[in-house]
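Written out below as structure tokens is the structure these notes cover.
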Amino acid sequence: MTKFSRDLSPDQNAHLCRLIKAELAPRIPKQYQLAAVLGMAQSNFSNFLEGIKGASIALAVRVAILLDRTIEDVLGLPPMPALKDEQERRYPTRILAARAAYLDGVPLNRILPVLTASLKYEGDPGVDWWMKMMRSKALAMPGSKKDTERAIKLVESGQTKGTARSRVKTRKRS
């Protein structure tokens, strides 16, 4: 599961550091010049190379642009899957919700079923609704059309688990 955040994980820091040492340091051997090209203070860059400090996503983006690589390659992540929505005209926010859910770490087995779902009513329910559906496990499990309709009703009503318990009826005193 891929999760993007502002600060890099230790594995991402190590991968970025190896990449800088292997591909940028031989071209720009003076550390203060390389730090300036990367938009960092030389002391912070030195601490990053020694493993004392971590890097931010801004450094990774800058390295990706300098080396003409994808951000996934610079961070050592698997490439982003090509998420497509055949009904994007009908549901314009669904593909944006799918990509945001992927960046938030929602597994693909929860995102893909939502991208193929159709709703009975016309119009786009909005990005929040789609995100709630993708975070829910309801559509990720195999089931029937009846199960899918039940899951959609649960999300629409705001319930996340099962149905609400019915209240116990008490007898009225006469």
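Residues in the structure tokens are numbered from 1 in each chain, the chains being A, B, ... in the order shown, and ligands are numbered from 1 in the order shown.
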
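Every protein, DNA or RNA residue with an atom at most 12 Å from Asn44 of chain A, where only C-alpha atoms count and chain neighbours fewer than 3 positions away do not, is listed here: Gln31, Tyr32, Leu34, Ala35, Ala36, Leu38, Gly39, Met40, Ala41, Asn47, Phe48, Leu49, Glu50, Gly51, Ile52, Lys53, Gly54, Ala55, Ser56 and Leu59 of chain A.
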
Nearby residues (only C-alpha atoms) at most 8 Å from segment 127-130 of chain A, same-chain spacing under 3 positions excluded, as a PDB file with all heavy atoms, in the first residue's frame:
ATOM      1  N   THR A  93     -16.267  13.674 -10.602  1.00  0.00           N
ATOM      2  CA  THR A  93     -15.403  13.699  -9.422  1.00  0.00           C
ATOM      3  C   THR A  93     -14.922  12.321  -9.012  1.00  0.00           C
ATOM      4  O   THR A  93     -14.047  12.211  -8.163  1.00  0.00           O
ATOM      5  CB  THR A  93     -16.120  14.348  -8.221  1.00  0.00           C
ATOM      6  OG1 THR A  93     -17.276  13.581  -7.888  1.00  0.00           O
ATOM      7  CG2 THR A  93     -16.504  15.778  -8.514  1.00  0.00           C
ATOM      8  N   ARG A  94     -15.467  11.264  -9.613  1.00  0.00           N
ATOM      9  CA  ARG A  94     -15.114   9.903  -9.179  1.00  0.00           C
ATOM     10  C   ARG A  94     -13.644   9.580  -9.453  1.00  0.00           C
ATOM     11  O   ARG A  94     -12.972   8.999  -8.601  1.00  0.00           O
ATOM     12  CB  ARG A  94     -16.029   8.876  -9.849  1.00  0.00           C
ATOM     13  CG  ARG A  94     -15.735   7.466  -9.393  1.00  0.00           C
ATOM     14  CD  ARG A  94     -16.821   6.508  -9.729  1.00  0.00           C
ATOM     15  NE  ARG A  94     -16.956   6.322 -11.158  1.00  0.00           N
ATOM     16  CZ  ARG A  94     -17.830   5.482 -11.710  1.00  0.00           C
ATOM     17  NH1 ARG A  94     -18.634   4.775 -10.925  1.00  0.00           N
ATOM     18  NH2 ARG A  94     -17.928   5.351 -12.997  1.00  0.00           N
ATOM     19  N   LEU A  96     -11.162  11.651  -9.684  1.00  0.00           N
ATOM     20  CA  LEU A  96     -10.344  12.442  -8.758  1.00  0.00           C
ATOM     21  C   LEU A  96     -10.340  11.805  -7.373  1.00  0.00           C
ATOM     22  O   LEU A  96      -9.302  11.741  -6.705  1.00  0.00           O
ATOM     23  CB  LEU A  96     -10.860  13.877  -8.690  1.00  0.00           C
ATOM     24  CG  LEU A  96     -10.864  14.646 -10.015  1.00  0.00           C
ATOM     25  CD1 LEU A  96     -11.511  16.001  -9.833  1.00  0.00           C
ATOM     26  CD2 LEU A  96      -9.463  14.774 -10.559  1.00  0.00           C
ATOM     27  N   ALA A  97     -11.490  11.305  -6.948  1.00  0.00           N
ATOM     28  CA  ALA A  97     -11.581  10.623  -5.658  1.00  0.00           C
ATOM     29  C   ALA A  97     -10.751   9.343  -5.676  1.00  0.00           C
ATOM     30  O   ALA A  97     -10.104   9.007  -4.681  1.00  0.00           O
ATOM     31  CB  ALA A  97     -13.040  10.310  -5.335  1.00  0.00           C
ATOM     32  N   ALA A  98     -10.748   8.628  -6.794  1.00  0.00           N
ATOM     33  CA  ALA A  98      -9.968   7.388  -6.903  1.00  0.00           C
ATOM     34  C   ALA A  98      -8.477   7.667  -6.784  1.00  0.00           C
ATOM     35  O   ALA A  98      -7.759   6.969  -6.067  1.00  0.00           O
ATOM     36  CB  ALA A  98     -10.279   6.697  -8.227  1.00  0.00           C
ATOM     37  N   VAL A 114     -15.442   0.526  -7.187  1.00  0.00           N
ATOM     38  CA  VAL A 114     -16.209   1.766  -7.167  1.00  0.00           C
ATOM     39  C   VAL A 114     -16.150   2.448  -8.533  1.00  0.00           C
ATOM     40  O   VAL A 114     -17.125   3.063  -8.968  1.00  0.00           O
ATOM     41  CB  VAL A 114     -15.704   2.704  -6.043  1.00  0.00           C
ATOM     42  CG1 VAL A 114     -16.433   4.024  -6.058  1.00  0.00           C
ATOM     43  CG2 VAL A 114     -15.885   2.033  -4.679  1.00  0.00           C
ATOM     44  N   MET A 133     -17.081   5.661  -0.226  1.00  0.00           N
ATOM     45  CA  MET A 133     -17.303   4.348  -0.845  1.00  0.00           C
ATOM     46  C   MET A 133     -15.984   3.590  -1.012  1.00  0.00           C
ATOM     47  O   MET A 133     -15.926   2.380  -0.807  1.00  0.00           O
ATOM     48  CB  MET A 133     -17.973   4.488  -2.219  1.00  0.00           C
ATOM     49  CG  MET A 133     -19.432   4.839  -2.180  1.00  0.00           C
ATOM     50  SD  MET A 133     -20.453   3.544  -1.467  1.00  0.00           S
ATOM     51  CE  MET A 133     -20.363   2.297  -2.735  1.00  0.00           C
ATOM     52  N   MET A 134     -14.918   4.284  -1.387  1.00  0.00           N
ATOM     53  CA  MET A 134     -13.630   3.632  -1.613  1.00  0.00           C
ATOM     54  C   MET A 134     -12.972   3.196  -0.312  1.00  0.00           C
ATOM     55  O   MET A 134     -12.280   2.189  -0.280  1.00  0.00           O
ATOM     56  CB  MET A 134     -12.715   4.553  -2.413  1.00  0.00           C
ATOM     57  CG  MET A 134     -13.170   4.697  -3.836  1.00  0.00           C
ATOM     58  SD  MET A 134     -12.223   5.920  -4.731  1.00  0.00           S
ATOM     59  CE  MET A 134     -13.330   6.222  -6.108  1.00  0.00           C
ATOM     60  N   VAL A 155     -23.855   3.622   2.751  1.00  0.00           N
ATOM     61  CA  VAL A 155     -23.008   4.812   2.624  1.00  0.00           C
ATOM     62  C   VAL A 155     -23.861   6.066   2.559  1.00  0.00           C
ATOM     63  O   VAL A 155     -23.543   7.080   3.182  1.00  0.00           O
ATOM     64  CB  VAL A 155     -22.080   4.695   1.394  1.00  0.00           C
ATOM     65  CG1 VAL A 155     -21.377   6.005   1.112  1.00  0.00           C
ATOM     66  CG2 VAL A 155     -21.064   3.593   1.617  1.00  0.00           C
ATOM     67  N   GLU A 156     -24.961   6.005   1.816  1.00  0.00           N
ATOM     68  CA  GLU A 156     -25.836   7.167   1.706  1.00  0.00           C
ATOM     69  C   GLU A 156     -26.436   7.557   3.048  1.00  0.00           C
ATOM     70  O   GLU A 156     -26.605   8.724   3.350  1.00  0.00           O
ATOM     71  CB  GLU A 156     -26.952   6.900   0.701  1.00  0.00           C
ATOM     72  CG  GLU A 156     -26.483   6.931  -0.730  1.00  0.00           C
ATOM     73  CD  GLU A 156     -27.578   6.544  -1.710  1.00  0.00           C
ATOM     74  OE1 GLU A 156     -28.607   5.980  -1.276  1.00  0.00           O
ATOM     75  OE2 GLU A 156     -27.391   6.805  -2.900  1.00  0.00           O
TER      76      GLU A 156
END

Requested in this report: Report the residues of segment 1-172 of chain A whose backbone DSSP state falls under helix (DSSP H, G or I), written as an NGL selection string.
Outcome: :A and (10-24 or 31-37 or 42-49 or 57-67 or 71-75 or 94-103 or 108-115 or 127-135 or 138-140 or 145-157)

Kindly assemble as a Markdown table a list of the segment 31-129 of chain A residues that lie within 7 Å of segment 14-19 of chain A, each paired with its nearest atom pair and their distance in Å to one decimal, using only C-alpha atoms, sorted first by chain and then by ascending residue number.
| residue | atom | partner | partner_atom | distance |
| --- | --- | --- | --- | --- |
| A:Leu49 | CA | A:Cys17 | CA | 6.1 |
| A:Val74 | CA | A:Leu16 | CA | 6.1 |
| A:Leu75 | CA | A:Leu16 | CA | 6.0 |
| A:Gly76 | CA | A:His15 | CA | 6.2 |

**Report entry** Residues within 12 Å of segment 69-71 of chain A, only C-alpha atoms, excluding chain neighbours under 2 positions, as a PyMOL selection string
**Finding:** chain A and resi 4+12+15-16+19+23+57-67+73-80

Query - Contact residues around Tyr91 of chain A with only C-alpha atoms at 10 Å, ignoring same-chain residues under 2 positions, as a VMD selection string - result: chain A and resid 85 to 89 93 to 96 115 118 to 119 122 to 127 130

Keeping only C-alpha atoms, write those residues as an mmCIF file, in the first residue's frame.
data_model
loop_
_atom_site.group_PDB
_atom_site.id
_atom_site.type_symbol
_atom_site.label_atom_id
_atom_site.label_comp_id
_atom_site.auth_asym_id
_atom_site.auth_seq_id
_atom_site.Cartn_x
_atom_site.Cartn_y
_atom_site.Cartn_z
ATOM 1 C CA ASP A 85 -13.239 5.867 -15.432
ATOM 2 C CA GLU A 86 -15.419 4.938 -18.404
ATOM 3 C CA GLN A 87 -18.253 7.090 -17.037
ATOM 4 C CA GLU A 88 -16.204 10.205 -16.285
ATOM 5 C CA ARG A 89 -18.692 12.465 -18.072
ATOM 6 C CA THR A 93 -15.403 13.699 -9.422
ATOM 7 C CA ARG A 94 -15.114 9.903 -9.179
ATOM 8 C CA ILE A 95 -11.725 9.633 -10.924
ATOM 9 C CA LEU A 96 -10.344 12.442 -8.758
ATOM 10 C CA LEU A 115 -14.902 2.910 -10.577
ATOM 11 C CA SER A 118 -23.350 2.776 -11.633
ATOM 12 C CA LEU A 119 -25.948 4.647 -9.655
ATOM 13 C CA GLU A 122 -28.430 10.919 -12.516
ATOM 14 C CA GLY A 123 -25.728 13.295 -11.375
ATOM 15 C CA ASP A 124 -22.496 13.073 -9.486
ATOM 16 C CA PRO A 125 -22.882 12.586 -5.698
ATOM 17 C CA GLY A 126 -19.576 14.377 -5.059
ATOM 18 C CA VAL A 127 -15.994 13.580 -4.163
ATOM 19 C CA TRP A 130 -16.953 8.530 -3.654
#

Query raised in the report: So how many Å separate atom CA of Leu112 of chain A and atom CA of Lys153 of chain A, to one decimal?
Result: 19.0 Å

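Distance annotation: of A:Tyr121, A:Val106, A:Arg99, A:Val37, the residue with the minimal separation from Ala25 of chain A is A:Val37; atom set is only C-alpha atoms.
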
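Here atom CA of Asp68 of chain A stands at a distance of 14.9 Å from atom CA of Ala22 of chain A.
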
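Relative to atom CA of Leu8 of chain A, atom CA of Arg27 of chain A is found at 24.6 Å.
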